[in-house]
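Pasting model38.cif here (mmCIF, C-alpha atoms):
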data_target
#
loop_
_atom_site.label_atom_id
_atom_site.label_comp_id
_atom_site.auth_asym_id
_atom_site.auth_seq_id
_atom_site.Cartn_x
_atom_site.Cartn_y
_atom_site.Cartn_z
CA MET A 1 140.99 28.14 123.39
CA THR A 2 137.71 29.03 121.71
CA PRO A 3 134.74 28.42 123.98
CA GLU A 4 132.18 25.94 122.70
CA PRO A 5 128.90 27.50 121.56
CA PRO A 6 125.97 26.81 123.82
CA SER A 7 124.07 23.65 122.89
CA VAL A 8 120.78 24.18 121.17
CA PRO A 9 117.98 21.95 122.46
CA ALA A 10 116.62 19.55 119.86
CA ALA A 11 113.41 20.70 118.25
CA ARG A 12 110.34 18.89 119.52
CA PRO A 13 108.80 16.63 116.88
CA PRO A 14 105.49 17.83 115.43
CA LEU A 15 102.32 16.59 117.12
CA LEU A 16 101.39 14.15 114.36
CA GLU A 17 104.84 12.56 114.56
CA ARG A 18 104.57 12.25 118.35
CA LEU A 19 101.27 10.43 117.79
CA ALA A 20 102.71 8.33 114.93
CA LEU A 21 100.16 9.80 112.51
CA HIS A 22 102.56 11.71 110.28
CA ARG A 23 102.19 9.48 107.19
CA PRO A 24 98.97 8.68 105.29
CA GLU A 25 99.26 4.92 105.82
CA LEU A 26 99.66 5.42 109.58
CA ARG A 27 96.52 7.56 109.76
CA ALA A 28 94.62 5.06 107.63
CA TRP A 29 95.69 2.16 109.84
CA ALA A 30 94.68 3.97 113.03
CA LEU A 31 91.32 4.95 111.53
CA VAL A 32 90.29 1.28 111.47
CA ASP A 33 90.10 1.39 115.28
CA TRP A 34 87.78 4.41 114.94
CA ALA A 35 85.68 2.43 112.46
CA ASN A 36 85.26 -0.92 114.20
CA SER A 37 85.10 0.41 117.76
CA ALA A 38 81.56 1.49 116.94
CA PHE A 39 80.59 -2.18 116.75
CA PHE A 40 82.37 -3.14 119.97
CA THR A 41 80.97 -0.19 121.91
CA VAL A 42 77.44 0.08 120.55
CA VAL A 43 76.50 -3.43 119.49
CA ILE A 44 78.43 -5.75 121.81
CA THR A 45 78.62 -3.65 124.97
CA ALA A 46 75.78 -1.16 125.16
CA VAL A 47 72.76 -1.82 122.95
CA PHE A 48 72.42 -5.33 121.56
CA PRO A 49 72.26 -7.20 124.92
CA TYR A 50 69.24 -5.10 125.98
CA PHE A 51 67.72 -5.23 122.47
CA PHE A 52 68.06 -9.01 122.27
CA GLU A 53 66.07 -9.45 125.47
CA ALA A 54 63.47 -6.78 124.72
CA VAL A 55 62.66 -7.54 121.06
CA PRO A 56 63.73 -10.88 119.52
CA GLY A 57 63.76 -12.58 122.92
CA ALA A 58 60.61 -10.92 124.24
CA ASP A 59 58.72 -14.24 124.32
CA LEU A 60 61.54 -16.08 126.11
CA SER A 61 62.37 -16.24 129.80
CA SER A 62 65.35 -14.25 131.08
CA ASP A 63 67.24 -17.51 131.62
CA GLU A 64 66.61 -18.64 128.03
CA VAL A 65 67.70 -15.25 126.69
CA ARG A 66 70.94 -15.39 128.69
CA LYS A 67 71.73 -18.96 127.58
CA ARG A 68 71.07 -18.33 123.89
CA TYR A 69 72.98 -15.05 123.89
CA THR A 70 75.96 -16.68 125.63
CA LEU A 71 75.89 -19.72 123.32
CA THR A 72 75.86 -17.50 120.23
CA THR A 73 78.91 -15.56 121.39
CA THR A 74 80.76 -18.71 122.43
CA ILE A 75 80.22 -20.44 119.06
CA ALA A 76 81.33 -17.34 117.12
CA MET A 77 84.46 -16.94 119.24
CA LEU A 78 85.29 -20.65 118.98
CA ILE A 79 85.07 -20.59 115.18
CA ALA A 80 87.20 -17.44 115.05
CA ALA A 81 89.76 -18.94 117.44
CA LEU A 82 90.15 -22.13 115.43
CA ALA A 83 90.23 -20.38 112.06
CA GLY A 84 92.60 -17.57 113.06
CA PRO A 85 95.98 -19.34 112.74
CA VAL A 86 95.00 -21.07 109.48
CA LEU A 87 93.72 -17.89 107.85
CA GLY A 88 96.74 -15.97 109.15
CA ALA A 89 99.11 -18.48 107.54
CA VAL A 90 97.13 -18.40 104.28
CA ALA A 91 97.35 -14.60 104.31
CA ASP A 92 101.12 -14.74 104.80
CA TYR A 93 101.74 -17.24 101.99
CA ALA A 94 99.28 -15.87 99.43
CA ARG A 95 99.75 -12.20 100.35
CA LEU A 96 96.09 -11.82 101.16
CA LYS A 97 96.11 -9.85 104.41
CA LYS A 98 94.26 -6.86 102.94
CA ARG A 99 91.82 -8.95 100.92
CA LEU A 100 90.91 -11.21 103.81
CA PHE A 101 90.62 -8.16 106.05
CA ALA A 102 88.18 -6.66 103.52
CA VAL A 103 86.18 -9.91 103.22
CA PHE A 104 85.66 -10.33 106.96
CA THR A 105 85.02 -6.62 107.47
CA LEU A 106 82.26 -6.73 104.86
CA LEU A 107 80.89 -9.87 106.51
CA GLY A 108 80.68 -8.00 109.82
CA VAL A 109 79.26 -4.84 108.27
CA GLY A 110 76.60 -6.69 106.31
CA SER A 111 75.48 -8.77 109.29
CA THR A 112 75.29 -5.69 111.49
CA ALA A 113 73.15 -3.81 108.95
CA ALA A 114 70.90 -6.87 108.57
CA LEU A 115 69.98 -6.63 112.27
CA PHE A 116 67.52 -3.97 111.10
CA ALA A 117 65.34 -6.85 109.82
CA VAL A 118 64.99 -8.40 113.30
CA HIS A 119 61.55 -8.14 114.90
CA ARG A 120 59.78 -9.54 117.95
CA GLY A 121 60.34 -13.26 118.33
CA ASP A 122 63.16 -13.43 115.73
CA TRP A 123 65.67 -14.60 118.32
CA LEU A 124 67.28 -17.17 115.99
CA LEU A 125 67.79 -14.63 113.20
CA ALA A 126 69.17 -12.11 115.71
CA ALA A 127 71.51 -14.71 117.21
CA VAL A 128 72.84 -15.83 113.80
CA LEU A 129 73.42 -12.27 112.56
CA PHE A 130 75.08 -11.25 115.82
CA GLY A 131 77.28 -14.34 115.77
CA VAL A 132 78.33 -13.78 112.14
CA ALA A 133 79.06 -10.11 112.86
CA ASN A 134 81.25 -11.15 115.81
CA LEU A 135 83.05 -13.66 113.61
CA GLY A 136 83.61 -10.98 110.98
CA ILE A 137 85.07 -8.37 113.27
CA VAL A 138 87.34 -10.56 115.38
CA THR A 139 88.72 -12.35 112.31
CA SER A 140 89.32 -9.08 110.47
CA LEU A 141 91.44 -7.98 113.43
CA VAL A 142 93.85 -10.87 112.82
CA PHE A 143 94.90 -9.30 109.51
CA TYR A 144 94.64 -5.73 110.79
CA ASP A 145 96.99 -6.43 113.71
CA ALA A 146 99.31 -8.47 111.47
CA LEU A 147 99.87 -5.40 109.28
CA LEU A 148 101.08 -3.28 112.23
CA PRO A 149 104.78 -4.28 111.95
CA HIS A 150 104.64 -3.63 108.20
CA VAL A 151 103.04 -0.18 108.49
CA ALA A 152 105.05 1.08 111.47
CA ARG A 153 108.75 1.80 111.16
CA PRO A 154 111.21 1.03 114.00
CA GLY A 155 110.21 2.94 117.13
CA GLU A 156 106.69 3.76 115.90
CA ALA A 157 104.68 0.64 116.78
CA ASP A 158 103.95 1.49 120.44
CA ARG A 159 102.88 5.05 119.64
CA LEU A 160 100.80 3.99 116.64
CA SER A 161 99.03 1.20 118.54
CA THR A 162 98.16 3.37 121.55
CA THR A 163 97.10 6.30 119.34
CA ALA A 164 94.85 3.93 117.38
CA TYR A 165 93.24 2.78 120.61
CA ALA A 166 92.69 6.42 121.61
CA VAL A 167 91.16 7.13 118.20
CA GLY A 168 89.00 4.03 118.65
CA TYR A 169 87.76 5.22 122.03
CA LEU A 170 86.77 8.55 120.47
CA GLY A 171 85.03 6.97 117.48
CA GLY A 172 83.20 4.39 119.56
CA GLY A 173 82.15 7.03 122.08
CA ILE A 174 80.81 9.43 119.46
CA CYS A 175 78.89 6.68 117.66
CA LEU A 176 77.45 5.40 120.97
CA ALA A 177 76.39 8.94 121.92
CA LEU A 178 74.55 9.28 118.58
CA VAL A 179 72.77 5.94 119.00
CA VAL A 180 71.84 6.62 122.63
CA ALA A 181 70.45 10.02 121.57
CA MET A 182 68.32 8.26 118.94
CA ILE A 183 66.98 5.85 121.55
CA LEU A 184 66.31 8.43 124.26
CA TRP A 185 64.80 11.07 121.96
CA GLU A 186 63.03 8.82 119.47
CA GLU A 187 59.72 10.71 119.78
CA PRO A 188 61.13 14.23 119.10
CA LEU A 189 63.22 12.76 116.27
CA GLY A 190 60.16 11.06 114.78
CA ILE A 191 61.66 7.56 114.77
CA ARG A 192 59.46 5.94 117.37
CA GLY A 193 58.25 2.58 116.09
CA ALA A 194 57.53 -1.01 116.98
CA ASP A 195 60.19 -3.63 117.74
CA GLY A 196 62.90 -1.21 118.85
CA LEU A 197 63.07 0.83 115.65
CA SER A 198 65.55 3.33 117.12
CA SER A 199 67.91 0.52 118.16
CA ARG A 200 67.62 -1.14 114.75
CA LEU A 201 68.41 2.17 113.05
CA GLY A 202 71.37 2.41 115.42
CA PHE A 203 72.70 -0.90 114.08
CA VAL A 204 72.47 0.47 110.53
CA LEU A 205 74.36 3.59 111.61
CA VAL A 206 77.10 1.40 113.11
CA ALA A 207 77.39 -0.59 109.86
CA VAL A 208 77.68 2.56 107.73
CA TRP A 209 80.17 4.10 110.19
CA TRP A 210 82.29 0.94 110.18
CA LEU A 211 82.34 0.68 106.38
CA VAL A 212 82.98 4.35 105.54
CA PHE A 213 85.88 4.81 107.93
CA THR A 214 87.54 1.59 106.75
CA ILE A 215 87.87 2.86 103.17
CA PRO A 216 91.09 4.91 103.80
CA PHE A 217 92.79 1.74 105.07
CA LEU A 218 91.88 -0.14 101.88
CA ARG A 219 93.21 2.72 99.78
CA ARG A 220 96.38 3.68 101.67
CA VAL A 221 97.80 0.56 103.34
CA ARG A 222 99.71 -1.71 100.97
CA GLU A 223 99.88 -5.48 101.01
CA PRO A 224 103.44 -6.26 102.20
CA ALA A 225 105.74 -8.27 99.97
CA VAL A 226 106.55 -11.27 102.16
CA PRO A 227 109.14 -13.84 100.94
CA LEU A 228 108.16 -17.49 100.61
CA GLU A 229 109.71 -20.01 102.95
CA GLY A 230 111.81 -23.09 102.29
CA ASP A 231 110.55 -25.07 99.31
CA GLU A 232 107.34 -23.03 98.92
CA ARG A 233 106.50 -21.93 95.41
CA PRO A 234 103.75 -19.72 93.94
CA GLY A 235 100.60 -21.62 92.96
CA MET A 236 100.67 -24.20 95.74
CA ASN A 237 97.49 -25.05 97.66
CA PRO A 238 97.33 -22.19 100.22
CA VAL A 239 95.43 -24.21 102.83
CA ARG A 240 97.95 -27.06 102.67
CA VAL A 241 100.78 -24.56 102.91
CA ALA A 242 99.02 -22.91 105.87
CA PHE A 243 98.82 -26.14 107.87
CA ALA A 244 102.45 -26.91 107.02
CA ARG A 245 103.47 -23.45 108.19
CA ILE A 246 101.50 -23.78 111.42
CA GLY A 247 103.21 -27.09 112.12
CA GLU A 248 106.61 -25.56 111.45
CA THR A 249 105.84 -22.53 113.58
CA MET A 250 104.69 -24.67 116.51
CA GLY A 251 107.93 -26.63 116.20
CA GLU A 252 109.97 -23.44 115.98
CA LEU A 253 108.36 -21.72 118.96
CA LYS A 254 111.42 -22.61 121.02
CA SER A 255 113.36 -20.32 118.66
CA TYR A 256 110.98 -17.50 119.63
CA ARG A 257 111.11 -18.17 123.35
CA GLN A 258 110.39 -14.57 124.34
CA ALA A 259 107.33 -14.37 122.07
CA LEU A 260 106.03 -17.62 123.56
CA LEU A 261 106.65 -16.38 127.09
CA PHE A 262 104.83 -13.17 126.30
CA LEU A 263 101.89 -15.14 124.87
CA LEU A 264 101.60 -17.07 128.15
CA ALA A 265 101.65 -13.82 130.12
CA PHE A 266 99.07 -12.33 127.78
CA LEU A 267 96.90 -15.42 128.15
CA ALA A 268 96.72 -14.83 131.90
CA TYR A 269 96.11 -11.10 132.16
CA SER A 270 94.03 -10.80 128.98
CA ASP A 271 91.59 -13.31 130.45
CA ALA A 272 91.10 -11.06 133.47
CA ILE A 273 90.78 -7.87 131.38
CA GLY A 274 88.23 -9.50 129.10
CA THR A 275 86.26 -10.82 132.06
CA ILE A 276 86.01 -7.35 133.61
CA ILE A 277 84.72 -5.96 130.30
CA ARG A 278 82.21 -8.77 129.75
CA MET A 279 80.94 -9.05 133.32
CA ALA A 280 80.68 -5.33 134.12
CA VAL A 281 77.05 -5.02 132.95
CA LEU A 282 75.98 -8.15 134.83
CA TYR A 283 77.83 -6.95 137.93
CA ALA A 284 76.06 -3.60 137.63
CA ALA A 285 72.70 -5.37 137.41
CA GLU A 286 73.54 -7.35 140.55
CA LEU A 287 74.32 -4.08 142.33
CA GLU A 288 71.05 -2.62 140.97
CA ILE A 289 72.86 0.18 139.15
CA PRO A 290 70.38 1.99 136.82
CA VAL A 291 70.72 1.21 133.10
CA LYS A 292 71.22 4.90 132.26
CA THR A 293 74.10 5.07 134.73
CA VAL A 294 75.71 2.00 133.17
CA THR A 295 75.40 3.63 129.73
CA VAL A 296 77.02 6.81 131.05
CA CYS A 297 79.83 4.69 132.52
CA ILE A 298 80.46 3.05 129.14
CA LEU A 299 80.73 6.52 127.59
CA LEU A 300 83.07 7.61 130.38
CA VAL A 301 85.35 4.64 129.72
CA GLN A 302 85.45 5.63 126.04
CA PHE A 303 86.35 9.27 126.57
CA ILE A 304 88.63 8.80 129.59
CA GLY A 305 90.47 6.17 127.57
CA ILE A 306 91.48 8.67 124.88
CA PRO A 307 94.11 10.72 126.75
CA PHE A 308 95.26 7.77 128.84
CA ALA A 309 95.87 5.53 125.83
CA VAL A 310 98.05 8.28 124.33
CA LEU A 311 99.74 8.76 127.72
CA PHE A 312 100.65 5.08 127.88
CA GLY A 313 102.22 5.42 124.44
CA ARG A 314 104.38 8.26 125.75
CA ILE A 315 105.26 6.25 128.84
CA ALA A 316 106.26 3.30 126.65
CA ASP A 317 108.56 5.61 124.66
CA ARG A 318 110.35 6.53 127.89
CA ILE A 319 110.48 3.28 129.86
CA GLY A 320 109.51 0.61 127.32
CA ALA A 321 106.24 -1.15 126.52
CA LYS A 322 106.88 -3.98 128.98
CA ARG A 323 107.16 -1.70 132.00
CA ALA A 324 104.20 0.39 130.84
CA ILE A 325 102.05 -2.76 130.65
CA LEU A 326 103.15 -3.71 134.17
CA ILE A 327 101.95 -0.29 135.39
CA ALA A 328 98.57 -0.95 133.77
CA LEU A 329 98.35 -4.41 135.37
CA ALA A 330 99.10 -2.88 138.78
CA GLY A 331 96.22 -0.51 138.12
CA TYR A 332 93.93 -3.44 137.34
CA ILE A 333 94.82 -5.11 140.62
CA GLY A 334 93.74 -1.92 142.39
CA ILE A 335 90.51 -1.94 140.37
CA CYS A 336 89.74 -5.51 141.49
CA VAL A 337 90.22 -4.55 145.14
CA TRP A 338 87.99 -1.51 144.69
CA ALA A 339 85.33 -3.50 142.80
CA SER A 340 85.06 -6.02 145.62
CA ARG A 341 84.00 -3.20 147.96
CA VAL A 342 81.57 -1.34 145.66
CA HIS A 343 78.14 -0.69 147.19
CA GLU A 344 77.04 2.74 145.95
CA THR A 345 76.44 4.06 142.45
CA TRP A 346 79.23 6.65 142.74
CA GLU A 347 81.66 3.86 143.60
CA PHE A 348 80.70 2.00 140.42
CA VAL A 349 81.22 5.18 138.39
CA ALA A 350 84.65 5.64 140.00
CA MET A 351 85.51 2.07 139.04
CA ALA A 352 84.54 2.80 135.42
CA LEU A 353 86.87 5.82 135.44
CA MET A 354 89.72 3.67 136.70
CA VAL A 355 89.10 1.06 133.99
CA GLY A 356 89.17 3.79 131.34
CA MET A 357 92.58 4.91 132.61
CA VAL A 358 94.33 1.56 132.08
CA GLN A 359 92.32 -0.49 129.59
CA GLY A 360 93.56 1.07 126.35
CA GLY A 361 97.19 1.19 127.42
CA ALA A 362 97.31 -2.49 128.44
CA GLN A 363 95.65 -3.76 125.26
CA ALA A 364 97.36 -1.44 122.77
CA LEU A 365 100.86 -2.01 124.13
CA SER A 366 100.30 -5.77 124.26
CA ARG A 367 99.57 -5.65 120.52
CA SER A 368 102.61 -3.55 119.65
CA LEU A 369 105.01 -5.39 121.97
CA PHE A 370 104.02 -8.75 120.50
CA SER A 371 104.45 -7.38 116.98
CA SER A 372 108.09 -6.59 117.79
CA LEU A 373 108.80 -10.11 119.09
CA VAL A 374 107.71 -12.01 115.96
CA PRO A 375 109.23 -12.08 112.46
CA LYS A 376 107.41 -9.81 110.02
CA HIS A 377 107.19 -12.48 107.32
CA LYS A 378 105.17 -14.63 109.76
CA SER A 379 103.09 -11.86 111.29
CA GLY A 380 99.82 -13.35 110.00
CA GLU A 381 100.54 -16.73 111.57
CA PHE A 382 101.62 -15.30 114.89
CA PHE A 383 98.74 -12.85 115.15
CA GLY A 384 96.40 -15.72 114.26
CA LEU A 385 97.87 -17.56 117.26
CA PHE A 386 97.64 -14.34 119.31
CA SER A 387 93.96 -14.05 118.37
CA THR A 388 93.30 -17.70 119.19
CA LEU A 389 94.77 -17.41 122.67
CA GLU A 390 92.85 -14.18 123.22
CA LYS A 391 89.58 -15.99 122.44
CA PHE A 392 90.35 -19.04 124.58
CA ALA A 393 91.50 -16.68 127.31
CA GLY A 394 87.88 -15.68 127.70
CA ILE A 395 86.95 -19.04 129.23
CA LEU A 396 88.58 -19.18 132.66
CA GLY A 397 87.60 -15.71 133.91
CA PRO A 398 83.84 -16.15 133.40
CA LEU A 399 84.20 -19.65 134.88
CA VAL A 400 85.48 -18.04 138.08
CA PHE A 401 82.29 -15.96 138.22
CA PHE A 402 80.27 -19.14 137.72
CA ILE A 403 81.86 -21.15 140.56
CA ALA A 404 82.66 -18.35 143.03
CA PRO A 405 80.21 -17.90 145.94
CA SER A 406 79.64 -14.26 144.92
CA SER A 407 80.66 -11.72 142.30
CA ARG A 408 82.72 -9.88 144.90
CA ALA A 409 84.72 -13.03 145.59
CA ALA A 410 85.13 -13.65 141.86
CA VAL A 411 86.52 -10.15 141.32
CA LEU A 412 89.17 -10.77 143.96
CA TRP A 413 90.11 -14.06 142.29
CA LEU A 414 90.87 -12.12 139.10
CA ILE A 415 93.86 -10.64 140.94
CA VAL A 416 95.52 -14.04 140.60
CA PHE A 417 95.30 -13.77 136.80
CA PHE A 418 96.91 -10.32 136.85
CA VAL A 419 99.68 -11.42 139.23
CA VAL A 420 100.50 -14.52 137.16
CA GLY A 421 100.46 -12.46 133.95
CA ALA A 422 102.71 -9.79 135.45
CA GLY A 423 105.10 -12.43 136.81
CA LEU A 424 105.47 -14.08 133.39
CA LEU A 425 105.83 -10.70 131.70
CA LEU A 426 108.71 -9.84 134.01
CA LEU A 427 110.56 -12.87 132.63
CA VAL A 428 110.28 -11.66 129.02
CA ASP A 429 113.58 -10.39 127.61
CA VAL A 430 112.29 -7.93 125.03
CA GLU A 431 115.64 -7.19 123.40
CA GLU A 432 116.46 -10.87 122.99
CA GLY A 433 113.05 -11.45 121.43
CA ARG A 434 113.46 -8.59 118.98
CA VAL A 435 116.90 -9.80 117.94
CA ALA A 436 115.54 -13.31 117.31
CA ALA A 437 112.67 -11.93 115.21
CA GLY A 438 115.02 -9.70 113.20
CA ARG A 439 117.40 -12.58 112.60
CA ALA A 440 114.54 -14.74 111.28
CA ASP A 441 113.44 -11.99 108.89
CA LEU A 442 117.01 -11.57 107.62
CA GLU A 443 117.39 -15.30 107.04
CA SER A 444 114.08 -15.43 105.16
CA THR A 445 115.32 -12.81 102.67
CA ARG A 446 118.48 -14.88 102.03
CA SER A 447 116.56 -18.09 101.38
CA PRO A 448 116.52 -19.18 97.72
#
In structure tokens, how does this file's structure come out?
Amino acid sequence: MTPEPPSVPAARPPLLERLALHRPELRAWALVDWANSAFFTVVITAVFPYFFEAVPGADLSSDEVRKRYTLTTTIAMLIAALAGPVLGAVADYARLKKRLFAVFTLLGVGSTAALFAVHRGDWLLAAVLFGVANLGIVTSLVFYDALLPHVARPGEADRLSTTAYAVGYLGGGICLALVVAMILWEEPLGIRGADGLSSRLGFVLVAVWWLVFTIPFLRRVREPAVPLEGDERPGMNPVRVAFARIGETMGELKSYRQALLFLLAFLAYSDAIGTIIRMAVLYAAELEIPVKTVTVCILLVQFIGIPFAVLFGRIADRIGAKRAILIALAGYIGICVWASRVHETWEFVAMALMVGMVQGGAQALSRSLFSSLVPKHKSGEFFGLFSTLEKFAGILGPLVFFIAPSSRAAVLWLIVFFVVGAGLLLLVDVEEGRVAAGRADLESTRSP
């Protein structure tokens, strides 16, 4: 008997393939996170809140500044939440995902660049431009996320989504570092001027950054050919078709039970994640953490998030996205416990490091897992619904901070959101959901 030759270990895939960046359209899709993270990191998180109070709101009281800033954000998010499902359905029917993505991206870019025109006392102009920019970016993400299942092949979505988040952390961090350098060294750089000139130039830099790095997506990612449904025909009123589709989808949600169950889980834990992100600066102010330290912490979250987002993608490859998300949620529970005991600056910095370790993984894998539970030909509709729930999920968490006796107590209450979200996520049967989504796509291709 001839002995069997020794087995040769399988060759390890190249690095780009392990990161799901081995095709041009994958790299172009991921680069959008690099592009728009500059807005999230610089404008929303780090610079605009301070700029709004110091320049356009300089003649207002701190309470008036807070109320007008909060109202602006709330109105923009409400409009985006209500419009998301309708626009998503229109994009599916009329094959407009890329075009609508481009329209709302340009809306966000233009509004961000226009912030350069804001001067002392222009709080209304600043609020309108900031609100429109928020509307532009969050609505563009509906179509961006909806293209994930069309760009990624089977087995690539988790890796692509987490890699894109890592790329986004890097891009947002680099852009923030450039803007902070402009603000801190405005005199040596010769850009010192009235009404926060360095910050206003920073907004222009963000707009240019966002636009330039979105161009590869517009060139490389194709509009997917999605079949029409039922008695739909080309040339019909897209808005009427959109509302009809939304009604049908709401009625058919029972057929996508696992996707619905996941949405409920996401609604719970996403609320808590979003609250931690939004309330971190206010919590830092309450603890009297210096502004420079808070800025450093934001940068730390960006750069710590890079390897850990990729790591969560690798973990998801081994144990599945659902279990990887559960690990991240367990980490968030630990963060809430730690946050309730923070007193010193170093403890706040440690908390920021912990957030950077789990934030990207939880959000990226939620996006990719949901994309696998919904039919591709309805991805716009479902991600519109996903976006809507994500916006409305931002209501309860901040409300807890409003009614709780202290911020420390509020942070502990967020644990309930994570526990409920994890409990619902445990009930999700991922394989059953993927089979249902695949069956719906197959039936749609057979429809006359």
If the PyMOL selection byres ((chain A and resi 93-101) around 7) is run on the structure shown, which residues does it catch, given as a ChimeraX atom specification? /A:89-92,102-105,140,143-144,223,228,238
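Taking atom CA of A:Gly423 and atom CA of A:Ala265 as endpoints, the distance between them is 7.7 Å.
The residue that comes closest to A:Met354, out of A:Leu170, A:Leu329, A:Leu15, A:Val428 and on the basis of all atoms listed in the file, is A:Leu329.
Atom pair atom CA of A:Val349 / atom CA of A:Val43: separated by 21.3 Å.
Nearest to A:Ala30 of all the residues A:Pro216, A:Gly155, A:Gly172, A:Pro85 is A:Pro216, counting all atoms listed in the file.
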Please produce stretch 158-179 of chain A, completed to N, CA and C atoms, as an mmCIF file, in the coordinates of the input.
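Writing the result to rebuild.cif gives the following:
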data_model
loop_
_atom_site.group_PDB
_atom_site.id
_atom_site.type_symbol
_atom_site.label_atom_id
_atom_site.label_comp_id
_atom_site.auth_asym_id
_atom_site.auth_seq_id
_atom_site.Cartn_x
_atom_site.Cartn_y
_atom_site.Cartn_z
ATOM 1 N N ASP A 158 104.636 1.230 119.169
ATOM 2 C CA ASP A 158 103.950 1.490 120.440
ATOM 3 C C ASP A 158 103.082 2.737 120.350
ATOM 4 N N ARG A 159 103.642 3.804 119.761
ATOM 5 C CA ARG A 159 102.880 5.050 119.640
ATOM 6 C C ARG A 159 101.684 4.879 118.709
ATOM 7 N N LEU A 160 101.886 4.177 117.589
ATOM 8 C CA LEU A 160 100.800 3.990 116.640
ATOM 9 C C LEU A 160 99.676 3.152 117.263
ATOM 10 N N SER A 161 100.032 2.089 117.955
ATOM 11 C CA SER A 161 99.030 1.200 118.540
ATOM 12 C C SER A 161 98.211 1.917 119.614
ATOM 13 N N THR A 162 98.894 2.669 120.494
ATOM 14 C CA THR A 162 98.160 3.370 121.550
ATOM 15 C C THR A 162 97.344 4.532 120.981
ATOM 16 N N THR A 163 97.871 5.226 119.979
ATOM 17 C CA THR A 163 97.100 6.300 119.340
ATOM 18 C C THR A 163 95.857 5.724 118.675
ATOM 19 N N ALA A 164 96.007 4.561 118.026
ATOM 20 C CA ALA A 164 94.850 3.930 117.380
ATOM 21 C C ALA A 164 93.791 3.570 118.403
ATOM 22 N N TYR A 165 94.207 3.081 119.565
ATOM 23 C CA TYR A 165 93.240 2.780 120.610
ATOM 24 C C TYR A 165 92.529 4.053 121.073
ATOM 25 N N ALA A 166 93.294 5.152 121.204
ATOM 26 C CA ALA A 166 92.690 6.420 121.610
ATOM 27 C C ALA A 166 91.681 6.883 120.555
ATOM 28 N N VAL A 167 92.064 6.776 119.290
ATOM 29 C CA VAL A 167 91.160 7.130 118.200
ATOM 30 C C VAL A 167 89.914 6.242 118.242
ATOM 31 N N GLY A 168 90.114 4.956 118.546
ATOM 32 C CA GLY A 168 89.000 4.030 118.650
ATOM 33 C C GLY A 168 88.042 4.395 119.765
ATOM 34 N N TYR A 169 88.605 4.772 120.917
ATOM 35 C CA TYR A 169 87.760 5.220 122.030
ATOM 36 C C TYR A 169 86.892 6.406 121.606
ATOM 37 N N LEU A 170 87.502 7.358 120.895
ATOM 38 C CA LEU A 170 86.770 8.550 120.470
ATOM 39 C C LEU A 170 85.662 8.173 119.476
ATOM 40 N N GLY A 171 86.015 7.364 118.470
ATOM 41 C CA GLY A 171 85.030 6.970 117.480
ATOM 42 C C GLY A 171 83.891 6.163 118.076
ATOM 43 N N GLY A 172 84.238 5.195 118.923
ATOM 44 C CA GLY A 172 83.200 4.390 119.560
ATOM 45 C C GLY A 172 82.316 5.225 120.470
ATOM 46 N N GLY A 173 82.915 6.169 121.179
ATOM 47 C CA GLY A 173 82.150 7.030 122.080
ATOM 48 C C GLY A 173 81.192 7.934 121.336
ATOM 49 N N ILE A 174 81.670 8.535 120.240
ATOM 50 C CA ILE A 174 80.810 9.430 119.460
ATOM 51 C C ILE A 174 79.650 8.644 118.848
ATOM 52 N N CYS A 175 79.947 7.478 118.275
ATOM 53 C CA CYS A 175 78.890 6.680 117.660
ATOM 54 C C CYS A 175 77.877 6.220 118.716
ATOM 55 N N LEU A 176 78.363 5.816 119.897
ATOM 56 C CA LEU A 176 77.450 5.400 120.970
ATOM 57 C C LEU A 176 76.573 6.577 121.403
ATOM 58 N N ALA A 177 77.163 7.769 121.518
ATOM 59 C CA ALA A 177 76.390 8.940 121.920
ATOM 60 C C ALA A 177 75.271 9.224 120.905
ATOM 61 N N LEU A 178 75.562 9.063 119.616
ATOM 62 C CA LEU A 178 74.550 9.280 118.580
ATOM 63 C C LEU A 178 73.422 8.256 118.694
ATOM 64 N N VAL A 179 73.790 6.991 118.907
ATOM 65 C CA VAL A 179 72.770 5.940 119.000
ATOM 66 C C VAL A 179 71.934 6.102 120.254
#
